[in-house]
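final.cif, holding mmCIF, C-alpha atoms:
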```cif
data_work
#
loop_
_atom_site.label_atom_id
_atom_site.label_comp_id
_atom_site.auth_asym_id
_atom_site.auth_seq_id
_atom_site.Cartn_x
_atom_site.Cartn_y
_atom_site.Cartn_z
CA MET W 1 -56.16 -30.20 38.92
CA THR W 2 -53.07 -28.00 38.95
CA PRO W 3 -52.19 -26.77 35.45
CA SER W 4 -48.79 -27.95 34.26
CA LYS W 5 -46.03 -25.41 33.81
CA PRO W 6 -44.97 -24.59 30.25
CA SER W 7 -42.04 -26.76 29.20
CA THR W 8 -38.62 -25.27 28.56
CA ARG W 9 -37.41 -24.48 25.07
CA SER W 10 -33.91 -24.33 23.64
CA GLY W 11 -32.30 -23.93 20.26
CA PHE W 12 -30.23 -21.75 17.97
CA ALA W 13 -30.98 -18.41 16.32
CA ALA W 14 -28.61 -16.95 13.73
CA ILE W 15 -28.12 -13.19 13.55
CA VAL W 16 -27.12 -12.43 9.95
CA GLY W 17 -26.70 -9.25 7.95
CA ALA W 18 -24.35 -6.90 6.20
CA PRO W 19 -21.16 -5.74 7.97
CA ASN W 20 -21.75 -3.06 10.63
CA ALA W 21 -25.54 -3.56 10.68
CA GLY W 22 -25.47 -3.95 14.46
CA LYS W 23 -25.46 -7.74 14.85
CA SER W 24 -23.04 -7.82 17.78
CA THR W 25 -24.78 -4.92 19.55
CA LEU W 26 -28.13 -6.72 19.23
CA THR W 27 -26.59 -9.96 20.47
CA ASN W 28 -25.21 -8.22 23.55
CA GLN W 29 -28.61 -6.63 24.22
CA LEU W 30 -30.44 -9.95 24.03
CA VAL W 31 -27.93 -11.67 26.32
CA GLY W 32 -27.89 -8.79 28.78
CA GLU W 33 -24.12 -8.50 28.87
CA LYS W 34 -21.21 -8.05 26.51
CA VAL W 35 -20.18 -11.22 24.70
CA SER W 36 -19.36 -9.89 21.21
CA ILE W 37 -16.92 -7.10 20.43
CA VAL W 38 -18.30 -3.90 18.93
CA THR W 39 -16.27 -1.32 17.01
CA HIS W 40 -16.77 1.34 14.34
CA LYS W 41 -14.86 -0.84 11.89
CA VAL W 42 -16.83 -3.01 9.47
CA GLN W 43 -16.26 -6.78 9.44
CA THR W 44 -15.23 -6.75 13.10
CA THR W 45 -16.74 -10.18 13.86
CA ARG W 46 -14.62 -12.83 12.13
CA PHE W 47 -16.18 -16.07 13.31
CA GLN W 48 -19.31 -17.46 14.88
CA ILE W 49 -19.74 -16.44 18.50
CA ARG W 50 -22.35 -18.44 20.37
CA ALA W 51 -23.98 -16.14 22.89
CA ILE W 52 -26.49 -17.64 25.32
CA ALA W 53 -29.66 -15.71 26.14
CA MET W 54 -32.19 -16.82 28.76
CA LEU W 55 -35.48 -15.45 27.44
CA THR W 56 -39.18 -15.88 28.17
CA THR W 57 -41.82 -17.12 25.75
CA SER W 58 -45.20 -15.45 25.26
CA GLU W 59 -46.64 -18.15 27.54
CA GLY W 60 -44.15 -17.48 30.31
CA ALA W 61 -41.90 -20.48 29.73
CA ARG W 62 -38.12 -20.32 29.96
CA ALA W 63 -36.26 -20.47 26.68
CA GLN W 64 -32.53 -20.72 26.15
CA VAL W 65 -31.72 -19.12 22.81
CA VAL W 66 -28.18 -19.69 21.59
CA LEU W 67 -27.52 -16.64 19.43
CA VAL W 68 -25.06 -17.30 16.65
CA ASP W 69 -23.50 -13.88 16.04
CA THR W 70 -22.09 -14.32 12.56
CA PRO W 71 -19.58 -12.34 10.49
CA GLY W 72 -21.08 -9.79 8.12
CA ILE W 73 -22.12 -11.09 4.71
CA PHE W 74 -20.53 -9.16 1.86
CA GLU W 75 -18.91 -9.77 -1.52
CA PRO W 76 -15.39 -11.00 -0.74
CA ARG W 77 -12.50 -10.38 -3.09
CA LYS W 78 -11.49 -13.56 -4.89
CA GLN W 79 -7.95 -13.51 -3.51
CA ASP W 80 -9.05 -12.73 0.07
CA ARG W 81 -9.11 -16.08 1.88
CA LEU W 82 -10.13 -14.57 5.23
CA SER W 83 -13.15 -12.77 3.77
CA LYS W 84 -14.34 -15.89 1.97
CA SER W 85 -13.97 -17.93 5.15
CA MET W 86 -15.93 -15.34 7.14
CA VAL W 87 -18.85 -15.29 4.68
CA HIS W 88 -18.86 -19.09 4.62
CA ALA W 89 -19.02 -19.13 8.44
CA ALA W 90 -21.96 -16.73 8.41
CA TRP W 91 -24.03 -18.88 6.08
CA ARG W 92 -23.06 -22.03 7.94
CA GLY W 93 -24.40 -20.45 11.11
CA ALA W 94 -27.68 -19.64 9.39
CA ASP W 95 -28.03 -23.11 7.88
CA ASP W 96 -27.60 -24.80 11.27
CA SER W 97 -30.07 -22.62 13.21
CA ASN W 98 -33.72 -23.05 14.22
CA ALA W 99 -34.45 -19.38 13.47
CA ILE W 100 -32.80 -16.61 11.47
CA ALA W 101 -32.93 -12.88 12.12
CA HIS W 102 -31.75 -10.70 9.24
CA ILE W 103 -30.61 -7.38 10.68
CA VAL W 104 -30.48 -4.32 8.44
CA ASP W 105 -29.05 -0.87 9.08
CA ALA W 106 -32.29 1.01 8.33
CA GLY W 107 -30.57 4.39 8.25
CA ALA W 108 -27.97 3.31 5.69
CA TRP W 109 -30.61 1.72 3.47
CA TYR W 110 -32.86 4.79 3.69
CA ARG W 111 -30.08 7.26 2.88
CA ASN W 112 -28.95 5.20 -0.08
CA ALA W 113 -32.50 4.85 -1.42
CA LYS W 114 -32.88 8.64 -1.26
CA GLY W 115 -29.61 9.18 -3.10
CA GLU W 116 -28.12 10.84 -0.03
CA GLY W 117 -25.93 8.01 1.19
CA SER W 118 -22.19 7.59 1.42
CA SER W 119 -20.23 4.89 -0.38
CA GLN W 120 -20.48 2.85 2.82
CA ASP W 121 -24.28 3.20 2.77
CA ARG W 122 -24.31 1.97 -0.83
CA LEU W 123 -22.21 -1.07 0.04
CA ALA W 124 -24.46 -1.81 3.03
CA SER W 125 -27.53 -1.72 0.79
CA GLU W 126 -25.89 -4.01 -1.77
CA ASP W 127 -24.92 -6.45 0.99
CA THR W 128 -28.50 -6.36 2.31
CA ASP W 129 -29.74 -7.43 -1.13
CA ARG W 130 -27.06 -10.14 -1.13
CA VAL W 131 -28.34 -11.55 2.17
CA MET W 132 -31.93 -11.52 0.91
CA ALA W 133 -30.85 -13.41 -2.22
CA GLY W 134 -28.94 -15.93 -0.12
CA LEU W 135 -31.94 -16.59 2.10
CA ALA W 136 -34.18 -17.05 -0.93
CA LYS W 137 -31.68 -19.45 -2.53
CA ARG W 138 -31.63 -21.55 0.63
CA GLN W 139 -35.42 -21.31 0.97
CA ARG W 140 -34.93 -20.32 4.60
CA LYS W 141 -37.60 -18.27 6.33
CA ALA W 142 -36.33 -15.39 8.40
CA VAL W 143 -37.53 -12.39 10.32
CA LEU W 144 -36.34 -8.93 9.38
CA VAL W 145 -34.88 -6.63 12.02
CA LEU W 146 -34.75 -2.99 10.93
CA ASN W 147 -32.10 -1.61 13.25
CA LYS W 148 -31.00 1.98 13.95
CA ILE W 149 -34.54 3.26 13.36
CA ASP W 150 -33.66 6.43 15.25
CA THR W 151 -31.67 7.42 12.13
CA VAL W 152 -34.78 7.28 9.89
CA PRO W 153 -37.44 10.04 9.83
CA THR W 154 -40.56 8.80 11.64
CA ASP W 155 -42.84 9.42 8.65
CA GLU W 156 -40.58 7.26 6.46
CA LEU W 157 -40.73 4.14 8.65
CA LEU W 158 -44.01 2.73 7.30
CA PRO W 159 -42.93 3.02 3.63
CA LEU W 160 -39.63 1.38 4.59
CA ILE W 161 -41.41 -1.51 6.29
CA ALA W 162 -43.80 -1.85 3.34
CA HIS W 163 -40.89 -2.10 0.91
CA PHE W 164 -39.21 -4.98 2.73
CA ASP W 165 -42.56 -6.66 3.37
CA GLU W 166 -43.18 -6.68 -0.38
CA VAL W 167 -39.77 -7.82 -1.62
CA GLY W 168 -38.35 -9.88 1.23
CA GLY W 169 -40.87 -12.59 2.07
CA TYR W 170 -40.12 -12.30 5.79
CA GLU W 171 -42.22 -14.03 8.44
CA ARG W 172 -42.24 -10.88 10.56
CA ILE W 173 -40.62 -7.46 10.63
CA PHE W 174 -39.28 -5.86 13.79
CA VAL W 175 -38.13 -2.26 14.15
CA LEU W 176 -35.69 -1.41 16.92
CA SER W 177 -32.57 0.35 18.07
CA ALA W 178 -30.10 -2.20 19.38
CA THR W 179 -27.89 0.52 20.86
CA LYS W 180 -30.75 2.03 22.88
CA GLY W 181 -32.52 -1.26 23.53
CA THR W 182 -35.88 -0.01 22.24
CA GLY W 183 -37.98 -2.68 20.54
CA VAL W 184 -35.66 -5.53 21.52
CA GLU W 185 -38.16 -7.14 23.91
CA ASP W 186 -40.63 -8.04 21.14
CA LEU W 187 -37.87 -9.73 19.13
CA ALA W 188 -36.71 -11.59 22.25
CA THR W 189 -40.19 -13.03 22.79
CA TYR W 190 -40.45 -14.08 19.15
CA LEU W 191 -37.10 -15.88 19.26
CA ALA W 192 -38.06 -17.62 22.50
CA ASP W 193 -41.31 -18.85 20.94
CA ALA W 194 -39.44 -20.07 17.84
CA MET W 195 -37.24 -22.48 19.79
CA PRO W 196 -38.26 -26.17 19.97
CA GLU W 197 -39.24 -27.73 23.27
CA GLY W 198 -36.32 -29.34 25.03
CA PRO W 199 -33.90 -29.17 27.96
CA LEU W 200 -31.42 -26.34 28.38
CA LEU W 201 -28.26 -26.79 26.34
CA TYR W 202 -25.99 -24.81 28.67
CA PRO W 203 -25.94 -23.84 32.36
CA GLU W 204 -28.29 -20.92 32.99
CA ASP W 205 -25.50 -18.62 34.17
CA GLN W 206 -23.29 -19.17 31.10
CA ALA W 207 -23.34 -16.22 28.71
CA ALA W 208 -21.22 -17.50 25.83
CA ASP W 209 -19.68 -20.61 24.34
CA ILE W 210 -16.20 -19.42 23.38
CA PRO W 211 -12.75 -20.54 24.64
CA VAL W 212 -11.30 -18.12 27.19
CA ARG W 213 -8.07 -17.64 25.22
CA LEU W 214 -10.04 -16.68 22.14
CA MET W 215 -12.34 -14.34 24.08
CA ALA W 216 -9.31 -12.64 25.62
CA ALA W 217 -7.86 -12.11 22.15
CA GLU W 218 -11.19 -10.66 20.98
CA ILE W 219 -11.18 -8.17 23.86
CA THR W 220 -7.73 -6.91 22.92
CA ARG W 221 -8.64 -6.80 19.21
CA GLU W 222 -11.63 -4.61 20.06
CA LYS W 223 -9.46 -2.16 22.02
CA LEU W 224 -6.95 -2.16 19.17
CA PHE W 225 -9.58 -1.19 16.60
CA LEU W 226 -11.30 1.32 18.87
CA ARG W 227 -8.00 3.08 19.44
CA LEU W 228 -6.73 2.96 15.85
CA HIS W 229 -9.76 2.39 13.63
CA ASP W 230 -8.84 5.32 11.36
CA GLU W 231 -5.19 4.34 11.09
CA LEU W 232 -4.92 0.56 11.30
CA PRO W 233 -5.94 -1.61 8.33
CA TYR W 234 -8.54 -4.32 8.78
CA ALA W 235 -5.97 -7.08 8.26
CA SER W 236 -4.53 -7.36 11.76
CA MET W 237 -5.13 -9.98 14.42
CA VAL W 238 -4.50 -10.85 18.05
CA GLU W 239 -3.37 -14.26 19.32
CA THR W 240 -3.32 -15.39 22.95
CA GLU W 241 0.06 -17.12 22.97
CA LYS W 242 0.18 -18.14 26.64
CA TRP W 243 -2.32 -18.39 29.48
CA THR W 244 -0.73 -18.98 32.89
CA ASP W 245 -2.78 -19.34 36.08
CA ARG W 246 -0.86 -18.10 39.11
CA LYS W 247 -0.93 -19.39 42.68
CA ASP W 248 -2.33 -16.10 43.98
CA GLY W 249 -5.45 -16.56 41.81
CA SER W 250 -4.41 -14.09 39.12
CA VAL W 251 -3.63 -14.98 35.52
CA ARG W 252 -0.82 -13.95 33.19
CA VAL W 253 -1.91 -13.48 29.57
CA ASP W 254 0.69 -13.16 26.82
CA GLN W 255 -0.70 -11.95 23.50
CA ILE W 256 0.75 -11.14 20.09
CA ILE W 257 -0.70 -8.44 17.85
CA TYR W 258 0.09 -9.39 14.26
CA VAL W 259 0.25 -6.70 11.58
CA ARG W 260 1.26 -7.06 7.93
CA ARG W 261 3.63 -4.12 7.51
CA GLY W 262 6.49 -2.61 9.49
CA THR W 263 4.84 0.81 9.35
CA GLN W 264 1.75 -0.68 10.98
CA LYS W 265 3.86 -1.97 13.86
CA GLY W 266 5.00 1.60 14.56
CA ILE W 267 1.39 2.79 14.58
CA VAL W 268 0.36 0.12 17.11
CA LEU W 269 3.35 0.78 19.36
CA GLY W 270 3.03 4.58 19.26
CA LYS W 271 5.63 7.04 20.44
CA GLY W 272 7.57 5.50 23.30
CA GLY W 273 5.12 2.59 23.35
CA GLU W 274 2.28 4.85 24.55
CA THR W 275 -0.37 3.48 22.18
CA VAL W 276 0.14 -0.21 22.90
CA LYS W 277 0.25 0.57 26.64
CA ALA W 278 -3.14 2.30 26.41
CA ILE W 279 -4.58 -0.62 24.42
CA GLY W 280 -3.24 -3.05 27.00
CA ALA W 281 -4.61 -1.07 29.95
CA ALA W 282 -8.11 -0.98 28.44
CA ALA W 283 -8.01 -4.66 27.51
CA ARG W 284 -6.69 -5.69 30.93
CA LYS W 285 -9.48 -3.84 32.74
CA GLU W 286 -12.19 -5.53 30.66
CA MET W 287 -10.57 -8.94 31.11
CA GLU W 288 -10.53 -8.43 34.88
CA ASP W 289 -14.21 -7.47 34.88
CA TRP W 290 -15.00 -10.49 32.72
CA LEU W 291 -12.93 -13.02 34.69
CA GLY W 292 -13.46 -11.57 38.14
CA ARG W 293 -9.77 -11.77 39.00
CA ARG W 294 -6.53 -9.89 38.48
CA VAL W 295 -4.96 -10.07 35.02
CA HIS W 296 -1.33 -9.46 34.08
CA LEU W 297 -1.44 -8.70 30.36
CA PHE W 298 1.67 -8.59 28.19
CA LEU W 299 1.32 -7.45 24.57
CA PHE W 300 3.88 -7.97 21.81
CA VAL W 301 3.62 -6.58 18.28
CA LYS W 302 5.00 -8.61 15.39
CA VAL W 303 5.02 -8.28 11.62
CA ARG W 304 3.73 -11.30 9.73
CA GLU W 305 2.86 -10.41 6.16
CA ASN W 306 1.14 -13.67 5.31
CA TRP W 307 -0.75 -14.45 8.51
CA MET W 308 -3.98 -14.57 6.48
CA GLU W 309 -2.57 -17.68 4.76
CA ASP W 310 -1.78 -19.47 8.04
CA ARG W 311 -4.09 -22.50 8.33
CA ALA W 312 -3.60 -22.72 12.11
CA ARG W 313 -5.06 -19.23 12.65
CA TYR W 314 -8.27 -20.28 10.93
CA ALA W 315 -8.60 -23.51 12.90
CA GLU W 316 -8.14 -21.60 16.16
CA ALA W 317 -11.03 -19.27 15.27
CA GLY W 318 -13.29 -22.05 14.01
CA LEU W 319 -13.02 -20.90 10.39
CA GLU W 320 -12.58 -23.21 7.42
CA PHE W 321 -9.35 -22.63 5.50
CA ASP W 322 -10.39 -24.19 2.18
CA VAL W 323 -13.68 -22.65 0.98
#
```

Can you give me the file's structure in the form of C-alpha cells?
Amino acid sequence: MTPSKPSTRSGFAAIVGAPNAGKSTLTNQLVGEKVSIVTHKVQTTRFQIRAIAMLTTSEGARAQVVLVDTPGIFEPRKQDRLSKSMVHAAWRGADDSNAIAHIVDAGAWYRNAKGEGSSQDRLASEDTDRVMAGLAKRQRKAVLVLNKIDTVPTDELLPLIAHFDEVGGYERIFVLSATKGTGVEDLATYLADAMPEGPLLYPEDQAADIPVRLMAAEITREKLFLRLHDELPYASMVETEKWTDRKDGSVRVDQIIYVRRGTQKGIVLGKGGETVKAIGAAARKEMEDWLGRRVHLFLFVKVRENWMEDRARYAEAGLEFDV
C-alpha cells in the first residue's frame, strides 16, 4: 500500500514586537523576497501587511503561512491618533492568528540590561515588556524570537535565553539574525507545523496580499525615509493618487508626499528638486522590478498639517480611526 502524502497546511502567523526589532526583515526572509519596507526609522510599518510564505513542515508537507507583519507595539501618546491605531492593528493581527512570534532585538535588550544602552535601547526594552504583558493578558501562547544575536557576546546568549524562558512563558525560543538569515530555517519549520490542515488560501506564486496602489506608496515611503531619516519627522505619508495603465504596457503612477510643515516640504524637495528626484528614481526602479514593467512615476509634495486626522487615510491603510 502506497503511503499517503502529508496533507497541506495553511493559516496565519503574527509577527509582533517592539518598533525596529526586525519584524519586516524577518518577514521578508521567510517569504524569500521583499514584501515589507525596511528602514532605520522606528515605527516604519503602519498597518498589517499580509506576506505569504510557502514553507515545509517537519514531515515534508507544504504549508502556506500568511505572515501578518504588524506595526511595532509601543506606548502611544494619548493625543496621537495614528500611533494608537497602529498599536491596535498590531494586537488585532495577533488576536486573529493561529500562531504568534514575538521578535525581540536581543542586542538592545542586552545593552540596556548591562546599563550600557542608549535611550532607544531603553525604550525597546520597555516595549518588549509591554508586549509580554499584552500576551499574558490575552492568554495567548507565543514563541520568542531573539533577533540580532550577532550583536550579543556569545557567552551571554545562554543567560539571555534563560531569562526570557523564566519570565516569558514562551512555547519555544529561537535565536537568529534576520538580516543574515541565520537560524531562520528552524523558525520556518515551526511555523509550518503550527498551521492547521487545510487547502492553500492564496495562489502559490503570490507573495503578499496588499493592494498595488498601497504597495507602490509603501515603496516610495521607504525611499523617502532612507534618504531623509535623520532630517524628516516620522509624521509624513505617501498617497498613490492615480494609477493609469498605458497602451504600451507601462503604467503611470502619480503620488503625493504629505508633510506637516512648510520647512519639511523644502527638505523633501531639496535644492533644485534634487532630493525628490533621487527618491523618485529609487522608488521607480523598485516598482519596475516588482511589477515587471516600465513605470512612469510622478511625485508631488504637499503640506497638510492635519493629515493624521483624516479618516480616509486610515481606511485606505486598513487602520481603524476610532480606537

I'd like the contact shell of Ala283 of chain W - 12 Å cut-off, only C-alpha atoms, skipping same-chain residues fewer than 5 positions apart - returned as a ChimeraX atom specification. /W:37,215-227,238,253,255,276-278,288-290,295-299

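Picture a line from atom CA of Gly270 of chain W to atom CA of Gln120 of chain W; it runs 28.7 Å.
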
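On the file presented, the PyMOL selection byres ((chain W and resi 205) around 10) picks out Ile52, Ala53, Met54, Tyr202, Pro203, Glu204, Gln206, Ala207 and Ala208 of chain W.
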
Of the candidates W:Met287, W:Leu214, W:Asp165, W:Ile267, which one gets nearest to His229 of chain W if we count all atoms listed in the file? W:Ile267

Selection dump of the PyMOL selection byres ((chain W and resi 27) around 10), as a PyMOL selection string: chain W and resi 14-15+22-26+28-36+49-53+66-69+178

How would the residues just picked look written out with C-alpha atoms as a PDB file, in the frame of the given file?
```
ATOM      1  CA  ALA W  14     -28.610 -16.950  13.730  1.00  0.00           C
ATOM      2  CA  ILE W  15     -28.120 -13.190  13.550  1.00  0.00           C
ATOM      3  CA  GLY W  22     -25.470  -3.950  14.460  1.00  0.00           C
ATOM      4  CA  LYS W  23     -25.460  -7.740  14.850  1.00  0.00           C
ATOM      5  CA  SER W  24     -23.040  -7.820  17.780  1.00  0.00           C
ATOM      6  CA  THR W  25     -24.780  -4.920  19.550  1.00  0.00           C
ATOM      7  CA  LEU W  26     -28.130  -6.720  19.230  1.00  0.00           C
ATOM      8  CA  ASN W  28     -25.210  -8.220  23.550  1.00  0.00           C
ATOM      9  CA  GLN W  29     -28.610  -6.630  24.220  1.00  0.00           C
ATOM     10  CA  LEU W  30     -30.440  -9.950  24.030  1.00  0.00           C
ATOM     11  CA  VAL W  31     -27.930 -11.670  26.320  1.00  0.00           C
ATOM     12  CA  GLY W  32     -27.890  -8.790  28.780  1.00  0.00           C
ATOM     13  CA  GLU W  33     -24.120  -8.500  28.870  1.00  0.00           C
ATOM     14  CA  LYS W  34     -21.210  -8.050  26.510  1.00  0.00           C
ATOM     15  CA  VAL W  35     -20.180 -11.220  24.700  1.00  0.00           C
ATOM     16  CA  SER W  36     -19.360  -9.890  21.210  1.00  0.00           C
ATOM     17  CA  ILE W  49     -19.740 -16.440  18.500  1.00  0.00           C
ATOM     18  CA  ARG W  50     -22.350 -18.440  20.370  1.00  0.00           C
ATOM     19  CA  ALA W  51     -23.980 -16.140  22.890  1.00  0.00           C
ATOM     20  CA  ILE W  52     -26.490 -17.640  25.320  1.00  0.00           C
ATOM     21  CA  ALA W  53     -29.660 -15.710  26.140  1.00  0.00           C
ATOM     22  CA  VAL W  66     -28.180 -19.690  21.590  1.00  0.00           C
ATOM     23  CA  LEU W  67     -27.520 -16.640  19.430  1.00  0.00           C
ATOM     24  CA  VAL W  68     -25.060 -17.300  16.650  1.00  0.00           C
ATOM     25  CA  ASP W  69     -23.500 -13.880  16.040  1.00  0.00           C
ATOM     26  CA  ALA W 178     -30.100  -2.200  19.380  1.00  0.00           C
TER      27      ALA W 178
END
```

For the file shown, report as a list in words the outcome of the PyMOL selection byres ((chain W and resi 105-109) around 6) at residue level. Ala21, Val104, Tyr110, Arg111, Asn112, Asp121, Ser125, Leu146, Asn147, Lys148, Ile149, Thr151 and Val152 of chain W

What's the separation between atom CA of Arg261 of chain W and atom CA of Leu123 of chain W, in Å to one decimal place? 27.1 Å
